Every structure is written in C-alpha cells, then in structure tokens.
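Participant: Sending over a structure as structure tokens; questions will come in a sec.
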Amino acid sequence: MARGKNDLILRDRLQFTLDANGDLDVVYGRIDLSDYVSVVNNQGLAIKEMRIQVRDPNAQPRTGTFNPDLISNLGAAGGVNFGSMTIYGTTTAYESASDVGIGSPNTFFQGEYVTFSGKEAGATVPNFTNVEYIQYGTPDLHPEGYVVVSDVLVGIASEQALTYKDDTLELDVMLIAEPVKVTKDELKEMLAQATDL
C-alpha cells in the first residue's frame, strides 16, 4: 500500500515468552495512540494497514530471522503433530485467543502461523512438514480503514509451538494510519472500544 499524504507510520516492538510446551495463553501489547486520538477534539485514527514481523534474535543473533516451522523435529512419532501461533490487532481485550477470528467485533487484523508435521512410529525425522502463514489484513477486513479513538491492542497466543519452547520471541508491529475527524454519533459508537480495553 502506498503511503498517503496524511498517513502516519507507527512502530512498536513487543516481547513474549512461550512455556515448556510451546504454549502461550493470550498476552497483549498496547500501542499508545494518545498523541493522535482525542475524544474531546473528535480526533481519531483510521488504521489502514497493520504489518507484523516475528523475530528470533536469540537463535539467530546475526539476522533475528524467525523460522515459521513451529515444530521442527520435535513432534512425537506415530502421528501428525500440529503447532499454531496467532497474532491479532483489536481494541477489545479478549480473554482467550480462541474467541478471536475475522468475525469478532473490534478486530482489524488476524494472522496465523500453522505447522503440520507427520512422523511414522519409530521414525526420528518427520515424513512431511507443511508450514503456512494466513493473514487477514486491515484492507481485507475494513477496506475503508478501521477508525479508533483509543489505544490498540496486539494479541499473541500459541499452542504446541515446540520449536520455541521456553524461548522469548519479538514481534515488530507497524501501523499505517490516517488522522480523521469523528462525528458525535460515531464517537458514541466507538467509545465502547475504550471500555473494553
């Protein structure tokens, strides 16, 4: 997406640590937009796009590159293993990432890393591994831009991401947003966002 004349580019970096099973109950990073939004002055931001980059500077100190194979060679033999990681942009603090999808209120970005890996009984290496990244970005979910009058939350959760058990990863976030004026009626509707944070 080309940057518009009035667009702002906002960046942040978050850290999160997976447990010994590669699991992470949803945690949130908050992107402070208080310099750009004001209910009193009817000022909001239309988020036009959210971009993410997962980073692994501990394992890749020269590049910080993240390996999207969430299982590597760590899955159990005798079946198919499944690992997943979800990252989403929202103005609602959902208690569980399993409640969040593209149909969820106040969600403007959804990204998912998924790995399937199969090992025959007694095998020491997988017979197959499929790695996918699925993204439903803001242009897909809110083509006109998602207008906010509050801070933005970035949710992260994972399940059976064995490659990253006990590891701390980083998530870089970039928002492309345009300042907009918000009417009184729009403000009434959107103030519910602030009470959900």
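Letters for chains follow the order of the structure tokens (A, B, ...), residue numbers begin at 1 for each chain, and ligand numbers begin at 1 in the order shown.
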Determine, for each residue of stretch 52-78 of chain A having at least one atom at most 12 Å from an atom of stretch 128-140 of chain A, the closest pair of atoms and their separation in Å to one decimal, counting only C-alpha atoms; order by chain and ascending number, as JSON lines.

Facilitator:
{"residue": "A:Ile52", "atom": "CA", "partner": "A:Gln135", "partner_atom": "CA", "distance": 10.1}
{"residue": "A:Gln53", "atom": "CA", "partner": "A:Tyr133", "partner_atom": "CA", "distance": 11.8}
{"residue": "A:Val54", "atom": "CA", "partner": "A:Tyr133", "partner_atom": "CA", "distance": 11.7}
{"residue": "A:Asn67", "atom": "CA", "partner": "A:Val131", "partner_atom": "CA", "distance": 9.9}
{"residue": "A:Pro68", "atom": "CA", "partner": "A:Val131", "partner_atom": "CA", "distance": 6.8}
{"residue": "A:Asp69", "atom": "CA", "partner": "A:Val131", "partner_atom": "CA", "distance": 5.9}
{"residue": "A:Leu70", "atom": "CA", "partner": "A:Val131", "partner_atom": "CA", "distance": 8.1}
{"residue": "A:Ile71", "atom": "CA", "partner": "A:Thr129", "partner_atom": "CA", "distance": 8.7}
{"residue": "A:Ser72", "atom": "CA", "partner": "A:Thr129", "partner_atom": "CA", "distance": 8.4}
{"residue": "A:Asn73", "atom": "CA", "partner": "A:Thr129", "partner_atom": "CA", "distance": 9.5}
{"residue": "A:Leu74", "atom": "CA", "partner": "A:Thr129", "partner_atom": "CA", "distance": 11.6}
{"residue": "A:Gly75", "atom": "CA", "partner": "A:Thr129", "partner_atom": "CA", "distance": 10.5}
{"residue": "A:Ala77", "atom": "CA", "partner": "A:Phe128", "partner_atom": "CA", "distance": 12.0}

Participant: Stretch 77-186 of chain A: which residues are alpha helix (DSSP H) by DSSP, as a list in words?

Facilitator: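 Filtering stretch 77-186 of chain A down to alpha helix (DSSP H) leaves Thr138, Pro139, Asp140, Leu141, Lys184, Asp185 and Glu186 of chain A.
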
Participant: So that I have them on file, write out the residues from the current selection with N, CA and C atoms, as a PDB file, in the first residue's frame.

Facilitator:
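The resulting file, selection_10.pdb, is reproduced below:
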ATOM      1  N   THR A 138      -6.011  -5.572   7.472  1.00  0.00           N
ATOM      2  CA  THR A 138      -6.991  -4.495   7.585  1.00  0.00           C
ATOM      3  C   THR A 138      -7.660  -4.190   6.249  1.00  0.00           C
ATOM      4  N   PRO A 139      -6.936  -4.155   5.109  1.00  0.00           N
ATOM      5  CA  PRO A 139      -7.635  -3.919   3.836  1.00  0.00           C
ATOM      6  C   PRO A 139      -8.675  -4.994   3.518  1.00  0.00           C
ATOM      7  N   ASP A 140      -8.482  -6.222   4.040  1.00  0.00           N
ATOM      8  CA  ASP A 140      -9.453  -7.291   3.827  1.00  0.00           C
ATOM      9  C   ASP A 140     -10.670  -7.129   4.743  1.00  0.00           C
ATOM     10  N   LEU A 141     -10.420  -6.800   6.006  1.00  0.00           N
ATOM     11  CA  LEU A 141     -11.494  -6.759   6.997  1.00  0.00           C
ATOM     12  C   LEU A 141     -12.190  -5.407   7.073  1.00  0.00           C
ATOM     13  N   LYS A 184     -20.089  13.029  16.371  1.00  0.00           N
ATOM     14  CA  LYS A 184     -20.591  12.697  17.709  1.00  0.00           C
ATOM     15  C   LYS A 184     -21.246  11.314  17.718  1.00  0.00           C
ATOM     16  N   ASP A 185     -21.992  10.998  16.667  1.00  0.00           N
ATOM     17  CA  ASP A 185     -22.645   9.678  16.599  1.00  0.00           C
ATOM     18  C   ASP A 185     -21.606   8.565  16.503  1.00  0.00           C
ATOM     19  N   GLU A 186     -20.567   8.783  15.691  1.00  0.00           N
ATOM     20  CA  GLU A 186     -19.503   7.779  15.577  1.00  0.00           C
ATOM     21  C   GLU A 186     -18.779   7.621  16.911  1.00  0.00           C
TER      22      GLU A 186
END

Participant: Between A:Gly29, A:Gly145, A:Gly78, A:Pro126, single out the one closest to A:Phe16, counting only C-alpha atoms.

Facilitator: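 Ranked by minimum distance to A:Phe16, first place goes to A:Gly29.
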
Participant: Please provide the set of residues having any atom within 8 Å of A:Asp166, restricted to only C-alpha atoms, with same-chain residues fewer than 3 positions apart removed, written as a list in words.

Facilitator: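 The neighbour list is Thr17, Leu18, Asp19, Ala20, Asn21 and Gly22 of chain A.
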
Participant: Selection from above, N, CA, C and O atoms, as a PDB file, in the first residue's frame, can you write it?

Facilitator:
ATOM      1  N   THR A  17       7.182 -14.722  25.750  1.00  0.00           N
ATOM      2  CA  THR A  17       7.910 -15.954  26.060  1.00  0.00           C
ATOM      3  C   THR A  17       6.943 -17.131  26.098  1.00  0.00           C
ATOM      4  O   THR A  17       5.923 -17.078  26.785  1.00  0.00           O
ATOM      5  N   LEU A  18       7.271 -18.183  25.353  1.00  0.00           N
ATOM      6  CA  LEU A  18       6.460 -19.399  25.339  1.00  0.00           C
ATOM      7  C   LEU A  18       6.894 -20.315  26.475  1.00  0.00           C
ATOM      8  O   LEU A  18       8.041 -20.248  26.924  1.00  0.00           O
ATOM      9  N   ASP A  19       5.984 -21.178  26.933  1.00  0.00           N
ATOM     10  CA  ASP A  19       6.313 -22.070  28.042  1.00  0.00           C
ATOM     11  C   ASP A  19       7.022 -23.338  27.535  1.00  0.00           C
ATOM     12  O   ASP A  19       7.353 -23.447  26.354  1.00  0.00           O
ATOM     13  N   ALA A  20       7.222 -24.311  28.429  1.00  0.00           N
ATOM     14  CA  ALA A  20       7.995 -25.511  28.105  1.00  0.00           C
ATOM     15  C   ALA A  20       7.310 -26.408  27.076  1.00  0.00           C
ATOM     16  O   ALA A  20       7.933 -27.315  26.533  1.00  0.00           O
ATOM     17  N   ASN A  21       6.026 -26.176  26.801  1.00  0.00           N
ATOM     18  CA  ASN A  21       5.309 -26.940  25.775  1.00  0.00           C
ATOM     19  C   ASN A  21       5.125 -26.154  24.484  1.00  0.00           C
ATOM     20  O   ASN A  21       4.443 -26.619  23.574  1.00  0.00           O
ATOM     21  N   GLY A  22       5.695 -24.964  24.432  1.00  0.00           N
ATOM     22  CA  GLY A  22       5.487 -24.108  23.271  1.00  0.00           C
ATOM     23  C   GLY A  22       4.140 -23.420  23.291  1.00  0.00           C
ATOM     24  O   GLY A  22       3.677 -22.929  22.257  1.00  0.00           O
TER      25      GLY A  22
END

Participant: Could you check which of A:Tyr146, A:Leu33, A:Val27, A:Lys165 is closest to A:Arg11, using only C-alpha atoms?

Facilitator: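 Among the listed residues, the smallest separation from A:Arg11 belongs to A:Leu33.
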
Participant: For the atom pair atom CA of A:Asn42 and atom CA of A:Ala93, what is the interatomic distance in Å to one decimal place?

Facilitator: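 Atom-to-atom, atom CA of A:Asn42 and atom CA of A:Ala93 are spaced 23.5 Å apart.
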